Amino acid sequence: MDRQTRLKRLRFRSWHRGTKEADLMVGGFFDAHAAGWSDTQIDWFEAFLEEQDVDIMAWAMGAAEVPARWRGPMMTDLKTLTYVPISR
């Protein structure tokens with residue numbers, strides 16, 4: 001599958017997680033960072049999307065320890081949470 005099709009599929013999966021909170025976190029992260037990702041980073045994110053939303057959210061918010069498999073620059077970027085839009 002070509003890169004553009006792959007990214008479109010990942011964007012859809014990122015924004016359709018099952019809960020609004022997970023959609024905002026995972027989808028927002030994708031929108032903020034995906035344009036600059038290498039193929040290796042896309043591979044990481046694609047595998048990461050197989051994880052449960054509650055785990056992803058706990059890791060991102062620091063409520064649970066990040067498993068070694070997911071540690072690194074991508075997780076560091078995810079944990080900033082600056083990409084999550086907050087409306088009042």
# chains A, B, ... in the order shown; residues from 1 in each chain; ligands from 1

$ select_by_dssp --residues "stretch 8-86 of chain A" --states "alpha helix (DSSP H)" --output "MDAnalysis selection string"
chainID A and resid 8:15 20:33 39:48 53:61 73:80

$ write_last_selection --atoms "C-alpha atoms" --output "short mmCIF file (atom, residue, chain, number, x, y, z; two decimals), in the first residue's frame"
data_model
loop_
_atom_site.label_atom_id
_atom_site.label_comp_id
_atom_site.auth_asym_id
_atom_site.auth_seq_id
_atom_site.Cartn_x
_atom_site.Cartn_y
_atom_site.Cartn_z
CA LYS A 8 -5.31 8.00 5.45
CA ARG A 9 -6.14 4.65 7.01
CA LEU A 10 -4.11 5.48 10.12
CA ARG A 11 -5.81 8.87 10.42
CA PHE A 12 -9.22 7.21 10.32
CA ARG A 13 -8.20 4.65 12.94
CA SER A 14 -6.73 7.42 15.10
CA TRP A 15 -9.95 9.41 15.14
CA LYS A 20 -14.10 10.98 22.59
CA GLU A 21 -11.12 11.29 24.94
CA ALA A 22 -9.10 8.68 23.07
CA ASP A 23 -10.11 10.18 19.72
CA LEU A 24 -8.83 13.59 20.81
CA MET A 25 -5.59 12.20 22.19
CA VAL A 26 -4.66 9.69 19.50
CA GLY A 27 -6.23 11.57 16.59
CA GLY A 28 -4.78 14.87 17.74
CA PHE A 29 -1.34 13.29 18.04
CA PHE A 30 -1.63 11.89 14.53
CA ASP A 31 -2.73 15.21 13.04
CA ALA A 32 0.04 17.11 14.80
CA HIS A 33 2.91 14.79 13.89
CA ASP A 39 8.33 4.89 7.42
CA THR A 40 9.76 3.49 10.67
CA GLN A 41 7.68 5.94 12.71
CA ILE A 42 4.58 5.03 10.72
CA ASP A 43 5.30 1.36 11.48
CA TRP A 44 5.58 2.22 15.19
CA PHE A 45 2.30 4.11 15.21
CA GLU A 46 0.48 1.42 13.26
CA ALA A 47 1.53 -1.20 15.81
CA PHE A 48 0.80 1.19 18.68
CA ASP A 53 -7.18 3.04 24.68
CA VAL A 54 -7.09 2.91 28.47
CA ASP A 55 -3.44 1.85 28.35
CA ILE A 56 -2.47 4.49 25.78
CA MET A 57 -4.16 7.19 27.83
CA ALA A 58 -2.56 6.02 31.08
CA TRP A 59 0.90 6.00 29.49
CA ALA A 60 0.41 9.43 27.93
CA MET A 61 -0.79 10.97 31.20
CA PRO A 73 10.82 9.80 20.95
CA MET A 74 7.34 8.95 19.69
CA MET A 75 6.07 8.30 23.21
CA THR A 76 7.81 11.43 24.45
CA ASP A 77 5.92 13.43 21.82
CA LEU A 78 2.65 11.69 22.73
CA LYS A 79 3.14 12.53 26.41
CA THR A 80 3.38 16.29 25.77
#

$ atom_distance --atom1 "atom CA of A:Ala35" --atom2 "atom CA of A:Arg3"
10.8 Å

$ atom_distance --atom1 "atom CA of A:Leu7" --atom2 "atom CA of A:Ala34"
7.8 Å
